[in-house]
Every structure is written in C-alpha cells, then in structure tokens.
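Novice: Dropping in query-v3.txt, which is compact mmCIF, C-alpha atoms:
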# COMPACT_ATOMS: atom_id res chain seq x y z
CA MET A 85 -24.32 -3.68 20.75
CA PRO A 86 -23.01 -1.73 23.74
CA ASP A 87 -19.38 -2.39 22.83
CA VAL A 88 -19.71 -1.71 19.09
CA LEU A 89 -17.21 1.15 19.33
CA ASP A 90 -15.01 -0.51 21.90
CA ALA A 91 -11.40 -0.72 20.72
CA SER A 92 -10.16 -2.54 23.82
CA PRO A 93 -7.72 -4.08 24.45
CA TYR A 94 -6.02 -1.58 22.12
CA ASP A 95 -5.17 1.93 23.27
CA ALA A 96 -3.68 3.43 20.09
CA LEU A 97 -3.48 3.07 16.30
CA LEU A 98 -0.20 3.59 14.46
CA LEU A 99 -0.25 4.65 10.80
CA LEU A 100 2.92 3.08 9.44
CA SER A 101 4.13 4.26 6.04
CA PHE A 102 7.15 4.35 3.76
CA GLY A 103 8.06 8.03 4.08
CA GLY A 104 9.47 10.38 1.51
CA PRO A 105 11.66 13.48 1.08
CA GLU A 106 10.16 16.91 1.67
CA GLY A 107 12.80 18.99 -0.11
CA PRO A 108 15.78 18.68 -2.49
CA ASP A 109 18.29 18.27 0.35
CA ASP A 110 16.31 15.30 1.67
CA VAL A 111 16.39 13.21 -1.51
CA VAL A 112 19.78 11.50 -1.27
CA PRO A 113 19.62 10.93 2.52
CA PHE A 114 16.14 9.45 2.05
CA LEU A 115 17.39 7.11 -0.68
CA GLU A 116 20.32 6.15 1.54
CA ASN A 117 17.80 5.10 4.17
CA VAL A 118 15.80 3.08 1.64
CA THR A 119 18.86 1.28 0.23
CA ARG A 120 20.92 0.95 3.42
CA GLY A 121 23.09 -2.17 3.41
CA ARG A 122 23.07 -2.59 -0.37
CA GLY A 123 26.30 -0.67 -1.04
CA ILE A 124 24.82 1.65 -3.67
CA PRO A 125 27.15 4.61 -4.41
CA LYS A 126 25.90 8.13 -3.69
CA GLU A 127 26.32 9.12 -7.35
CA ARG A 128 23.94 6.34 -8.34
CA LEU A 129 21.45 7.54 -5.74
CA LYS A 130 21.60 11.02 -7.23
CA GLU A 131 20.67 9.52 -10.59
CA VAL A 132 17.76 7.62 -9.07
CA GLY A 133 16.68 10.79 -7.27
CA GLN A 134 16.01 12.60 -10.54
CA HIS A 135 12.41 11.44 -10.33
CA TYR A 136 12.06 13.38 -7.10
CA PHE A 137 13.93 16.42 -8.39
CA LEU A 138 11.37 16.70 -11.21
CA PHE A 139 8.86 17.46 -8.46
CA GLY A 140 11.05 19.86 -6.48
CA GLY A 141 12.55 17.08 -4.37
CA VAL A 142 9.24 16.57 -2.60
CA SER A 143 7.36 13.29 -2.46
CA PRO A 144 3.61 13.76 -1.99
CA ILE A 145 3.38 10.76 0.33
CA ASN A 146 3.91 12.65 3.59
CA ASP A 147 1.18 15.21 2.86
CA GLN A 148 -1.10 12.37 1.82
CA ASN A 149 -0.43 10.62 5.11
CA ARG A 150 -1.23 13.83 6.96
CA ALA A 151 -4.54 13.97 5.08
CA LEU A 152 -5.24 10.34 5.97
CA LEU A 153 -4.40 11.03 9.62
CA ASP A 154 -6.90 13.90 9.63
CA ALA A 155 -9.53 11.69 7.98
CA LEU A 156 -9.02 8.89 10.50
CA ARG A 157 -9.16 11.21 13.49
CA LYS A 158 -12.27 12.92 12.12
CA ASP A 159 -14.03 9.62 11.45
CA PHE A 160 -13.13 8.19 14.86
CA ALA A 161 -14.31 11.33 16.65
CA GLU A 162 -17.59 11.52 14.72
CA HIS A 163 -18.39 7.89 15.54
CA GLY A 164 -17.36 7.96 19.17
CA LEU A 165 -14.28 5.77 18.82
CA ASP A 166 -11.83 6.94 21.46
CA LEU A 167 -8.55 5.78 19.96
CA PRO A 168 -5.57 8.11 19.43
CA VAL A 169 -3.83 7.87 16.06
CA TYR A 170 -0.06 8.25 15.65
CA TRP A 171 2.11 8.27 12.54
CA GLY A 172 5.55 6.81 11.89
CA ASN A 173 7.59 6.14 8.73
CA ARG A 174 10.10 3.46 7.81
CA ASN A 175 12.47 5.73 5.86
CA TRP A 176 11.89 9.38 6.79
CA ALA A 177 10.62 11.63 9.54
CA PRO A 178 8.59 11.04 11.56
CA TYR A 179 10.66 7.89 12.01
CA LEU A 180 9.00 4.74 13.31
CA THR A 181 11.33 4.33 16.31
CA ASP A 182 10.76 7.93 17.41
CA THR A 183 7.00 7.51 17.14
CA LEU A 184 6.98 4.25 19.08
CA ARG A 185 9.12 5.87 21.77
CA GLU A 186 6.57 8.69 22.00
CA MET A 187 3.72 6.18 22.24
CA VAL A 188 5.44 4.28 25.05
CA ARG A 189 6.06 7.49 26.96
CA ASP A 190 2.38 8.36 26.44
CA GLY A 191 1.51 5.10 28.19
CA ARG A 192 0.37 3.12 25.13
CA ARG A 193 0.66 -0.61 25.78
CA ARG A 194 -1.50 -2.32 23.11
CA ILE A 195 -0.96 -0.86 19.66
CA LEU A 196 -2.68 -1.67 16.38
CA VAL A 197 -0.77 -0.91 13.18
CA LEU A 198 -2.23 0.19 9.85
CA ALA A 199 0.39 -0.19 7.11
CA THR A 200 -0.09 1.83 3.93
CA SER A 201 0.19 -1.36 1.87
CA ALA A 202 -2.92 -3.41 1.22
CA TYR A 203 -1.53 -6.67 -0.16
CA ALA A 204 0.62 -9.61 0.93
CA SER A 205 4.31 -9.58 -0.03
CA TYR A 206 7.70 -9.25 1.60
CA SER A 207 8.02 -5.54 0.77
CA GLY A 208 4.34 -4.87 1.46
CA CYS A 209 4.01 -6.67 4.78
CA ARG A 210 6.92 -8.57 6.29
CA GLN A 211 9.41 -5.73 5.76
CA TYR A 212 7.11 -3.46 7.75
CA ARG A 213 7.04 -6.11 10.46
CA GLU A 214 10.84 -6.35 10.40
CA ASN A 215 11.07 -2.58 10.85
CA LEU A 216 8.70 -2.83 13.81
CA ALA A 217 10.97 -5.49 15.35
CA ASP A 218 14.02 -3.27 14.78
CA SER A 219 12.31 -0.38 16.53
CA LEU A 220 11.20 -2.53 19.46
CA ALA A 221 14.76 -3.80 19.83
CA ALA A 222 15.99 -0.20 19.94
CA LEU A 223 13.47 0.70 22.65
CA GLU A 224 14.36 -2.43 24.60
CA ALA A 225 18.02 -1.38 24.50
CA GLU A 226 16.96 1.96 25.97
CA GLY A 227 15.30 0.16 28.87
CA LEU A 228 11.76 1.15 27.91
CA GLU A 229 8.75 -1.04 28.59
CA LEU A 230 7.75 -2.59 25.27
CA PRO A 231 4.17 -2.42 24.03
CA ARG A 232 2.40 -5.33 22.38
CA ILE A 233 1.91 -4.61 18.68
CA ASP A 234 -0.58 -6.20 16.29
CA LYS A 235 -1.01 -5.41 12.60
CA LEU A 236 -4.39 -4.99 10.94
CA ARG A 237 -5.14 -7.60 8.29
CA HIS A 238 -4.65 -6.97 4.58
CA TYR A 239 -7.51 -4.75 3.42
CA PHE A 240 -7.18 -5.12 -0.36
CA ASN A 241 -10.74 -6.44 -0.69
CA HIS A 242 -12.51 -4.37 1.97
CA PRO A 243 -15.41 -2.41 0.40
CA GLY A 244 -14.05 0.86 1.79
CA PHE A 245 -10.85 0.32 -0.19
CA VAL A 246 -12.45 -1.08 -3.35
CA GLU A 247 -15.45 1.21 -3.84
CA PRO A 248 -13.47 4.48 -4.18
CA MET A 249 -11.39 2.77 -6.87
CA VAL A 250 -14.55 1.74 -8.74
CA ASP A 251 -15.66 5.38 -8.70
CA GLY A 252 -12.24 6.43 -9.98
CA VAL A 253 -12.35 4.08 -12.96
CA VAL A 254 -15.90 5.13 -13.86
CA ARG A 255 -14.90 8.82 -13.71
CA SER A 256 -11.83 8.19 -15.86
CA LEU A 257 -13.89 6.37 -18.47
CA ALA A 258 -16.30 9.30 -18.56
CA GLU A 259 -13.39 11.67 -19.19
CA LEU A 260 -12.36 9.82 -22.36
CA PRO A 261 -13.68 11.06 -25.72
CA GLU A 262 -17.08 9.52 -26.35
CA GLU A 263 -15.98 7.80 -29.55
CA VAL A 264 -13.36 5.69 -27.73
CA ARG A 265 -15.00 5.31 -24.32
CA ASP A 266 -16.89 2.03 -24.74
CA GLY A 267 -13.91 0.27 -26.31
CA ALA A 268 -11.43 1.40 -23.68
CA HIS A 269 -9.28 -1.20 -21.95
CA ILE A 270 -8.52 -1.06 -18.22
CA ALA A 271 -4.91 -1.58 -17.08
CA PHE A 272 -4.96 -2.43 -13.38
CA CYS A 273 -1.51 -1.29 -12.20
CA THR A 274 0.56 -2.37 -9.24
CA HIS A 275 4.19 -2.40 -8.14
CA SER A 276 6.30 -5.06 -9.82
CA ILE A 277 8.28 -7.31 -7.50
CA PRO A 278 10.71 -10.17 -8.22
CA ASN A 279 8.97 -13.34 -9.36
CA SER A 280 10.61 -15.19 -6.47
CA ALA A 281 9.10 -12.75 -3.96
CA ALA A 282 5.67 -13.02 -5.58
CA ASP A 283 5.77 -16.82 -5.63
CA THR A 284 6.44 -16.97 -1.87
CA SER A 285 4.03 -14.20 -0.85
CA GLY A 286 1.26 -14.93 1.59
CA PRO A 287 0.78 -18.07 3.74
CA VAL A 288 2.77 -21.13 2.70
CA GLU A 289 -0.31 -22.97 1.40
CA GLU A 290 -0.95 -20.09 -1.05
CA HIS A 291 2.53 -20.19 -2.58
CA GLY A 292 2.75 -20.93 -6.28
CA ASP A 293 3.03 -18.90 -9.45
CA GLY A 294 2.51 -15.32 -8.30
CA GLY A 295 1.61 -16.34 -4.75
CA ALA A 296 -0.96 -14.38 -2.77
CA TYR A 297 0.37 -11.10 -4.19
CA VAL A 298 -0.86 -11.81 -7.71
CA ARG A 299 -4.00 -13.69 -6.60
CA GLN A 300 -5.14 -10.80 -4.44
CA HIS A 301 -4.61 -8.21 -7.17
CA LEU A 302 -6.42 -10.34 -9.75
CA ASP A 303 -9.35 -10.81 -7.37
CA VAL A 304 -9.67 -7.08 -6.71
CA ALA A 305 -9.33 -6.28 -10.41
CA GLN A 306 -12.18 -8.66 -11.20
CA VAL A 307 -14.37 -7.10 -8.49
CA ILE A 308 -13.73 -3.61 -9.87
CA ALA A 309 -14.25 -4.68 -13.49
CA ASP A 310 -17.58 -6.32 -12.56
CA ALA A 311 -18.70 -3.20 -10.68
CA VAL A 312 -17.71 -0.96 -13.60
CA ARG A 313 -19.75 -3.15 -15.95
CA GLU A 314 -22.76 -2.84 -13.65
CA ARG A 315 -22.37 0.93 -13.46
CA THR A 316 -21.71 1.62 -17.14
CA GLY A 317 -23.36 -1.26 -18.95
CA VAL A 318 -20.08 -1.95 -20.78
CA ASP A 319 -17.81 -4.96 -20.26
CA HIS A 320 -14.35 -3.42 -20.60
CA PRO A 321 -11.38 -5.73 -21.32
CA TRP A 322 -8.78 -5.59 -18.56
CA GLN A 323 -5.37 -6.88 -17.53
CA LEU A 324 -3.16 -6.74 -14.44
CA VAL A 325 0.08 -4.92 -15.31
CA TYR A 326 3.12 -3.77 -13.38
CA GLN A 327 5.29 -0.70 -12.89
CA SER A 328 8.24 0.69 -10.93
CA ARG A 329 10.68 -2.17 -11.49
CA SER A 330 13.99 -1.39 -9.78
CA GLY A 331 15.99 -4.63 -9.71
CA ALA A 332 18.94 -5.98 -11.64
CA PRO A 333 18.06 -6.78 -15.28
CA HIS A 334 18.95 -10.48 -14.97
CA ILE A 335 16.46 -11.09 -12.14
CA PRO A 336 12.92 -11.90 -13.38
CA TRP A 337 10.24 -9.47 -12.15
CA LEU A 338 6.49 -9.53 -12.67
CA GLU A 339 5.43 -8.40 -16.15
CA PRO A 340 4.13 -6.85 -18.36
CA ASP A 341 5.36 -3.36 -17.62
CA ILE A 342 2.72 -0.67 -18.11
CA CYS A 343 4.62 1.02 -20.96
CA ASP A 344 5.05 -2.30 -22.79
CA HIS A 345 1.37 -3.00 -22.19
CA LEU A 346 0.37 0.33 -23.76
CA GLU A 347 2.40 -0.52 -26.84
CA GLU A 348 0.75 -3.94 -27.05
CA ARG A 349 -2.74 -2.51 -26.63
CA ARG A 350 -2.12 0.09 -29.33
CA ALA A 351 -0.77 -2.57 -31.71
CA ALA A 352 -3.84 -4.71 -31.01
CA GLY A 353 -6.17 -1.83 -31.89
CA ALA A 354 -7.35 -0.73 -28.46
CA PRO A 355 -8.87 2.76 -28.84
CA ALA A 356 -8.03 3.95 -25.30
CA VAL A 357 -6.76 2.79 -21.90
CA VAL A 358 -7.63 3.69 -18.31
CA MET A 359 -4.72 3.11 -15.93
CA ALA A 360 -6.08 2.12 -12.51
CA PRO A 361 -3.37 2.00 -9.78
CA ILE A 362 -5.05 -0.56 -7.53
CA GLY A 363 -1.77 -1.53 -5.85
CA PHE A 364 -1.27 1.86 -4.20
CA VAL A 365 -3.05 3.55 -1.31
CA SER A 366 -2.20 7.11 -2.39
CA ASP A 367 -0.86 9.14 -5.33
CA HIS A 368 2.75 9.01 -4.20
CA MET A 369 5.88 9.40 -6.32
CA GLU A 370 5.67 6.11 -8.18
CA VAL A 371 2.15 6.96 -9.32
CA LEU A 372 3.07 10.53 -10.28
CA TYR A 373 6.20 9.57 -12.17
CA ASP A 374 5.66 6.05 -13.51
CA LEU A 375 2.05 6.60 -14.57
CA ASP A 376 1.36 10.33 -14.85
CA THR A 377 4.75 11.14 -16.38
CA GLU A 378 6.40 8.14 -18.02
CA ALA A 379 3.41 6.02 -19.06
CA THR A 380 1.39 9.06 -20.12
CA ALA A 381 4.29 10.22 -22.30
CA LYS A 382 4.45 6.75 -23.87
CA ALA A 383 0.72 6.90 -24.61
CA GLU A 384 1.08 10.32 -26.24
CA GLU A 385 3.93 8.97 -28.36
CA LEU A 386 1.64 6.11 -29.47
CA GLY A 387 -1.33 8.38 -30.08
CA LEU A 388 -3.30 6.37 -27.53
CA PRO A 389 -5.83 8.23 -25.36
CA VAL A 390 -5.26 7.41 -21.68
CA ARG A 391 -6.63 8.47 -18.33
CA ARG A 392 -5.33 7.60 -14.88
CA SER A 393 -7.88 6.92 -12.16
CA ALA A 394 -7.44 8.06 -8.57
CA THR A 395 -6.09 6.07 -5.67
CA VAL A 396 -8.04 5.78 -2.43
CA GLY A 397 -6.01 8.38 -0.49
CA ALA A 398 -7.98 9.95 2.34
CA ASP A 399 -11.42 9.04 1.00
CA PRO A 400 -13.91 9.00 3.91
CA ARG A 401 -14.93 5.45 2.94
CA PHE A 402 -11.36 4.29 3.48
CA ALA A 403 -11.24 6.00 6.88
CA ALA A 404 -14.51 4.21 7.74
CA ALA A 405 -12.96 0.93 6.56
CA VAL A 406 -10.05 1.42 8.95
CA ARG A 407 -12.52 2.01 11.77
CA ASP A 408 -14.28 -1.21 10.79
CA LEU A 409 -10.98 -3.12 10.74
CA VAL A 410 -10.04 -1.74 14.17
CA LEU A 411 -13.35 -2.78 15.69
CA GLU A 412 -13.22 -6.18 13.97
CA ARG A 413 -9.74 -6.95 15.32
CA SER A 414 -10.55 -5.58 18.76
CA ALA A 415 -13.65 -7.77 19.06
CA ALA A 416 -11.67 -10.83 17.94
CA GLU A 417 -9.02 -10.11 20.58
CA ARG A 418 -11.79 -10.01 23.20
CA GLY A 419 -12.95 -13.45 22.06
CA ARG A 420 -16.03 -12.25 20.20
CA GLU A 421 -17.37 -13.88 17.02
CA VAL A 422 -16.81 -11.49 14.12
CA ALA A 423 -17.91 -11.51 10.49
CA PRO A 424 -15.07 -9.86 8.54
CA CYS A 425 -16.13 -7.66 5.65
CA ALA A 426 -14.59 -8.59 2.30
CA LEU A 427 -15.50 -8.56 -1.38
CA GLY A 428 -14.48 -11.03 -4.07
CA ALA A 429 -13.64 -14.72 -4.01
CA LEU A 430 -10.76 -14.82 -1.52
CA GLY A 431 -12.49 -13.71 1.66
CA ALA A 432 -10.90 -11.85 4.54
CA SER A 433 -7.17 -12.21 5.09
CA HIS A 434 -5.59 -13.64 8.24
CA ASN A 435 -5.26 -11.51 11.38
CA LEU A 436 -1.90 -12.99 12.31
CA CYS A 437 0.82 -13.54 9.74
CA PRO A 438 1.82 -17.22 10.03
CA VAL A 439 5.33 -18.63 10.22
CA GLY A 440 6.91 -18.71 6.77
CA CYS A 441 4.66 -16.00 5.38
CA CYS A 442 6.38 -13.75 2.77
CA PRO A 443 9.90 -14.88 3.76
CA ALA A 444 12.96 -12.69 3.48
CA ARG A 445 16.07 -13.84 1.62
CA ALA A 446 18.04 -13.47 4.86
CA PRO A 447 15.91 -14.29 7.93
CA ARG A 448 15.34 -11.36 10.29
CA PRO A 449 13.09 -10.93 13.32
CA ALA A 450 9.62 -9.61 12.49
CA ALA A 451 7.08 -8.30 14.99
CA ALA A 452 3.27 -8.62 14.88
CA GLY A 453 3.21 -12.19 13.54
CA ALA A 454 3.18 -15.80 14.71
CA ASP A 455 6.97 -15.82 14.61
CA SER A 456 7.39 -12.54 16.51
CA PRO A 457 10.04 -12.49 19.25
CA TYR A 458 7.87 -9.87 20.99
CA ALA A 459 4.74 -11.53 22.40
Let me see the file written as structure tokens.

Specialist:
Amino acid sequence: MPDVLDASPYDALLLLSFGGPEGPDDVVPFLENVTRGRGIPKERLKEVGQHYFLFGGVSPINDQNRALLDALRKDFAEHGLDLPVYWGNRNWAPYLTDTLREMVRDGRRRILVLATSAYASYSGCRQYRENLADSLAALEAEGLELPRIDKLRHYFNHPGFVEPMVDGVVRSLAELPEEVRDGAHIAFCTHSIPNSAADTSGPVEEHGDGGAYVRQHLDVAQVIADAVRERTGVDHPWQLVYQSRSGAPHIPWLEPDICDHLEERRAAGAPAVVMAPIGFVSDHMEVLYDLDTEATAKAEELGLPVRRSATVGADPRFAAAVRDLVLERSAAERGREVAPCALGALGASHNLCPVGCCPARAPRPAAAGADSPYA
C-alpha cells in the first residue's frame, strides 16, 4: 500500500517513562517527586532509597530508555518512517513538561505517546494520562498552543512484546542444571498493586476480581507457557506472582509475593524456578533489586535453583512492534480499516481509554482518553 509507512496525522512520537535517579544525590529528590502529596518524611525516603544506594544511587531505567530511543529511531529510519521520537519522564529529567514544551516549540501538533507500561491499571495507564494533563495545563498557563495527544494502545499481547519474553524463558531454562530443567516451574512476575486498583482496572465492563490487570497478565503468561512447551517439548507448571509491594500492611495487595511463592514451591518439591518478569518493559530497579537481589537471595537460602529471564528492553522486535502500533493507530485515525496484531484470547486493547477506565481514588483530569479535557 502506498501509505503503509504513513504516520499522518501524527508528527511525533513521545516515549513516556517513569524516570529514575542517575547518582546518589538524585535519590531522595527523585523519591520526593514520586511520593509528592503523600506527606512522607525525608528520613523515611532515605530508608526507601537504600535499594538505589546498593547500585550507586543509579537506576538503570534512564539508560534503558536511551537504548530504546536509539532502537526506535534506527527501526523507523531503516523502514522509511519519518517520525521524530522524543523522550520525557514523569519523575525525573528529562521531565515530561519540558519535553512537551520542546515539542510544541518544534511545531509538533499531533503527538502519539508510547508509555513504558504494557498493561491496564491506574498506575500503569491513567496516572500517565493524568501527568500528561498536568503538563498540558502547565503549557496552557504559559500561553503555548497545545498539541493533540493520543496514547498507543496497551501492547501486552503484541507479538513483538511477547516473543522476546518467550526466548528469555527458553534461555533461562537451558541455563538450569540438566537434572532439574524439565521439572522447573515458571513464576511469571509483575508489580503488585492494591486489590481495589486491580478490580477496577480496564474498561468498566471488565471490572471484577483482578480486573483487566490480572486478566491481561494471565493471558500473556498462558501464551508464553504454550510457546515454551512448543519450543522445548516440556509442559512447565506456572503461576502468576507479584513483587514490589509498597503499601500500608492493612491494605490488601495482589498476592502471592515472589519470595513467598519460592518458599511454597520449595516446600512442594519443585526442583527449580524460572522467574519471568512479564510485567516490566526493562530491567529497571524493581527487577534488579526485587528479583535479582532479594528473591535470588531467598532462593539461595532455600537451596532452590533459580534463573531470571530477560525483559524486552530494546529488543529490535519490540521496536518493530512500536512501529506497527504507530502505523495501526495512524491508519485508524485516517479512517482506514485496520487489523490489530495481538496474541492470546483477549484480542487487541482499545485505542481510546473510555470514561471510568482505571479510576483514581480522587478524580483528576486525564489526557488522551474519552474523558480528556483536551480534545
């Protein structure tokens, strides 16, 4: 088709991520940004920051985003997609508002957003949209012409996101000692969130126990487990487990925790476990600490062989998936019939977050959705 690489009406892509400190002096200010409005004392933030100090006060997420930026730009250039790619963070430099200001001054008027979160949830989708609305409000107060912003759909089941994870699990299984390999269990890991946030994640009609957040993870886990069985000839037992809980103890969060799960698997006689962080785009701090440090130490204590498979990161297949998502959304905006690419039972996610999707406890404006105050 002549317009197969036509990104119109969009004139830029924004990579929107969480951000992270890049040195010891950044840790507490970064955590203050993350927790702003919650009244957490600085001394408590210093305690929380110990995870970062173990790694020199540097989160790997910014370097991983730089690698993804390079991969996206390379893929776009090689395939003739003329679409500049910018990068902005919610909680650290380059800050989202500064990047949007730069894009406006560069003349960008229709912007697509790729969030480094693949699944539906308040923290994984709507909070990004709220931050976009905050930044647009700031630019409006400065008298700048506001761009129209749309967010790419959830890509949890796009082949370019799933297939690198299949490869990672297969490699991790191969790294286990031969005598425990075939009996190894797979722990598909993702970020725990409050049960109440999970139950209201996704469109209203999908709400229920675990909401879209849990359903999407379970669907991807099944796809990966099936692909691993086809590749290895072994049907490995698996379970969806959680990590990185940070809330008050009296508030129910999704369980089981990965460390508790390792104890349960060892007690049940599992010979080995592969930890597959399917809920994360890159090997950022929560993967390095909660899995590579804390969970791995727990496994060593239990005498349980474990391996941790890789996240997608800047895999060329993921960059190609983003290109596919850009072209898919662009064609839909031009009124073309499109066939979204998706694996598993759930199909492709919605392009436009509907009203009531992943609600916040206290309502706030959110851009790039059906309830956006910025058309």

Novice: Which is closest to A:Ser207 among A:Ala225, A:Leu260, A:Ala444, A:Val304, if we use all atoms listed in the file?

Specialist: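 Looking only at the distances to A:Ser207, the closest residue turns out to be A:Ala444.
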
Novice: Provide the atom CA of A:Pro93 to atom CA of A:Leu198 distance in Å, to one decimal place.

Specialist: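 Value for the atom CA of A:Pro93-atom CA of A:Leu198 distance: 16.2 Å.
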
Novice: Ranking A:His291, A:His275, A:Arg150, A:Arg265 by minimum distance to A:Ala354 and counting only C-alpha atoms, which one comes first?

Specialist: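 Closest to A:Ala354 of all the choices is A:Arg265.
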
Novice: Counting only C-alpha atoms, figure out which residue out of A:Tyr170, A:Tyr94, A:Phe272, A:Phe245 gets nearest to A:Asn149.

Specialist: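 Closest candidate: A:Tyr170.
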
Novice: Which neighbours of A:Arg407 fall inside 10 Å, counting all atoms listed in the file, when residues of the same chain fewer than 6 positions from it are skipped, and could you give them as a list in words?

Specialist: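 Selected residues are Leu89, Ala91, Leu156, Arg157, Asp159, Phe160, His163, Leu165, Leu167 and Arg401 of chain A.
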
Novice: Using only C-alpha atoms, which of the listed residues (A:Trp176, A:Trp171, A:Phe364, A:Phe240) sits closest to A:Gly397?

Specialist: A:Phe364

Novice: For A:Asp455, which residue among A:Leu228, A:Val197, A:Leu302, A:Val439 is the nearest when counting all atoms listed in the file?

Specialist: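 Of A:Leu228, A:Val197, A:Leu302, A:Val439, the one nearest A:Asp455, counting all atoms listed in the file, is A:Val439.
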
Novice: From the set A:Ile342, A:Ala451, A:Ile124, A:Val188, which residue has the shortest atom-to-atom contact distance to A:Asp95, counting all atoms listed in the file?

Specialist: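 Of A:Ile342, A:Ala451, A:Ile124, A:Val188, the one nearest A:Asp95 is A:Val188, counting all atoms listed in the file.
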
Novice: When you look at A:Ser101 with a cut-off of 12 Å (counting all atoms listed in the file), what residues show up, excluding the ones that are within fewer than 3 positions of it in the same chain? I need them as an NGL selection string.

Specialist: :A and (98 or 104 or 145-150 or 152-153 or 170-180 or 183 or 197-202 or 207-209 or 211-213 or 215-216 or 364-366 or 368)

Novice: Keeping only C-alpha atoms, write the selected residues to a file as a short mmCIF file (atom, residue, chain, number, x, y, z; two decimals), in the frame of the given file.

Specialist:
data_model
loop_
_atom_site.label_atom_id
_atom_site.label_comp_id
_atom_site.auth_asym_id
_atom_site.auth_seq_id
_atom_site.Cartn_x
_atom_site.Cartn_y
_atom_site.Cartn_z
CA LEU A 98 -0.20 3.59 14.46
CA GLY A 104 9.47 10.38 1.51
CA ILE A 145 3.38 10.76 0.33
CA ASN A 146 3.91 12.65 3.59
CA ASP A 147 1.18 15.21 2.86
CA GLN A 148 -1.10 12.37 1.82
CA ASN A 149 -0.43 10.62 5.11
CA ARG A 150 -1.23 13.83 6.96
CA LEU A 152 -5.24 10.34 5.97
CA LEU A 153 -4.40 11.03 9.62
CA TYR A 170 -0.06 8.25 15.65
CA TRP A 171 2.11 8.27 12.54
CA GLY A 172 5.55 6.81 11.89
CA ASN A 173 7.59 6.14 8.73
CA ARG A 174 10.10 3.46 7.81
CA ASN A 175 12.47 5.73 5.86
CA TRP A 176 11.89 9.38 6.79
CA ALA A 177 10.62 11.63 9.54
CA PRO A 178 8.59 11.04 11.56
CA TYR A 179 10.66 7.89 12.01
CA LEU A 180 9.00 4.74 13.31
CA THR A 183 7.00 7.51 17.14
CA VAL A 197 -0.77 -0.91 13.18
CA LEU A 198 -2.23 0.19 9.85
CA ALA A 199 0.39 -0.19 7.11
CA THR A 200 -0.09 1.83 3.93
CA SER A 201 0.19 -1.36 1.87
CA ALA A 202 -2.92 -3.41 1.22
CA SER A 207 8.02 -5.54 0.77
CA GLY A 208 4.34 -4.87 1.46
CA CYS A 209 4.01 -6.67 4.78
CA GLN A 211 9.41 -5.73 5.76
CA TYR A 212 7.11 -3.46 7.75
CA ARG A 213 7.04 -6.11 10.46
CA ASN A 215 11.07 -2.58 10.85
CA LEU A 216 8.70 -2.83 13.81
CA PHE A 364 -1.27 1.86 -4.20
CA VAL A 365 -3.05 3.55 -1.31
CA SER A 366 -2.20 7.11 -2.39
CA HIS A 368 2.75 9.01 -4.20
#

Novice: Quick check, in Å to one decimal: how far apart do atom CA of A:Asp341 and atom CA of A:Gln327 lie?

Specialist: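 Computed distance, atom CA of A:Asp341 to atom CA of A:Gln327, equals 5.4 Å.
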
Novice: Give as a VMD selection string every residue, naming chains and numbers as the document does, that has an atom within 6 Å of (2.9, -1.2, -8.7), counting only C-alpha atoms.

Specialist: chain A and resid 273 to 276 326 to 327 363

Novice: Tell me which protein, DNA and RNA residues are within 12 Å of A:Arg349, counting only C-alpha atoms, leaving out same-chain ones fewer than 3 positions away, and put them as a ChimeraX atom specification.

Specialist: /A:267-271,321-323,325,340,342-346,352-358,383,386-390

Novice: Put those residues in a file: C-alpha atoms, as a PDB file, keeping the file's coordinate frame.

Specialist:
ATOM      1  CA  GLY A 267     -13.910   0.270 -26.310  1.00  0.00           C
ATOM      2  CA  ALA A 268     -11.430   1.400 -23.680  1.00  0.00           C
ATOM      3  CA  HIS A 269      -9.280  -1.200 -21.950  1.00  0.00           C
ATOM      4  CA  ILE A 270      -8.520  -1.060 -18.220  1.00  0.00           C
ATOM      5  CA  ALA A 271      -4.910  -1.580 -17.080  1.00  0.00           C
ATOM      6  CA  PRO A 321     -11.380  -5.730 -21.320  1.00  0.00           C
ATOM      7  CA  TRP A 322      -8.780  -5.590 -18.560  1.00  0.00           C
ATOM      8  CA  GLN A 323      -5.370  -6.880 -17.530  1.00  0.00           C
ATOM      9  CA  VAL A 325       0.080  -4.920 -15.310  1.00  0.00           C
ATOM     10  CA  PRO A 340       4.130  -6.850 -18.360  1.00  0.00           C
ATOM     11  CA  ILE A 342       2.720  -0.670 -18.110  1.00  0.00           C
ATOM     12  CA  CYS A 343       4.620   1.020 -20.960  1.00  0.00           C
ATOM     13  CA  ASP A 344       5.050  -2.300 -22.790  1.00  0.00           C
ATOM     14  CA  HIS A 345       1.370  -3.000 -22.190  1.00  0.00           C
ATOM     15  CA  LEU A 346       0.370   0.330 -23.760  1.00  0.00           C
ATOM     16  CA  ALA A 352      -3.840  -4.710 -31.010  1.00  0.00           C
ATOM     17  CA  GLY A 353      -6.170  -1.830 -31.890  1.00  0.00           C
ATOM     18  CA  ALA A 354      -7.350  -0.730 -28.460  1.00  0.00           C
ATOM     19  CA  PRO A 355      -8.870   2.760 -28.840  1.00  0.00           C
ATOM     20  CA  ALA A 356      -8.030   3.950 -25.300  1.00  0.00           C
ATOM     21  CA  VAL A 357      -6.760   2.790 -21.900  1.00  0.00           C
ATOM     22  CA  VAL A 358      -7.630   3.690 -18.310  1.00  0.00           C
ATOM     23  CA  ALA A 383       0.720   6.900 -24.610  1.00  0.00           C
ATOM     24  CA  LEU A 386       1.640   6.110 -29.470  1.00  0.00           C
ATOM     25  CA  GLY A 387      -1.330   8.380 -30.080  1.00  0.00           C
ATOM     26  CA  LEU A 388      -3.300   6.370 -27.530  1.00  0.00           C
ATOM     27  CA  PRO A 389      -5.830   8.230 -25.360  1.00  0.00           C
ATOM     28  CA  VAL A 390      -5.260   7.410 -21.680  1.00  0.00           C
TER      29      VAL A 390
END

Novice: Within 9 Å of A:Leu411, counting all atoms listed in the file, which residues show up once you throw out same-chain ones fewer than 5 positions away? Write them as an mmCIF file with C-alpha atoms, in the frame of the given file, please.

Specialist:
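selection.cif, freshly written:
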data_model
loop_
_atom_site.group_PDB
_atom_site.id
_atom_site.type_symbol
_atom_site.label_atom_id
_atom_site.label_comp_id
_atom_site.auth_asym_id
_atom_site.auth_seq_id
_atom_site.Cartn_x
_atom_site.Cartn_y
_atom_site.Cartn_z
ATOM 1 C CA VAL A 88 -19.710 -1.710 19.090
ATOM 2 C CA LEU A 89 -17.210 1.150 19.330
ATOM 3 C CA ASP A 90 -15.010 -0.510 21.900
ATOM 4 C CA ALA A 91 -11.400 -0.720 20.720
ATOM 5 C CA SER A 92 -10.160 -2.540 23.820
ATOM 6 C CA VAL A 406 -10.050 1.420 8.950
ATOM 7 C CA ALA A 416 -11.670 -10.830 17.940
#

Novice: Might you pull out every residue within 9 Å of A:Lys130, with all atoms listed in the file counted and same-chain residues fewer than 5 positions away left off, and present them as a list in words?

Specialist: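 Listing them by chain and then by number gives Val111, Val112, Leu115 and Pro125 of chain A.
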
Novice: Could you work out an axis-aligned bounding box for all listed atoms of stretch 160-178 of chain A, with 3 Å added on each of the six sides, and give its centre and edge lengths in Å to one decimal, as lines of an AutoDock Vina configuration file?

Specialist:
center_x = -3.0
center_y = 7.5
center_z = 13.7
size_x = 36.9
size_y = 14.2
size_z = 21.6

Novice: So what do you get for atom CA of A:Tyr206 versus atom CA of A:Ser285, distance-wise?

Specialist: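 Here the two named atoms are 6.6 Å from each other.
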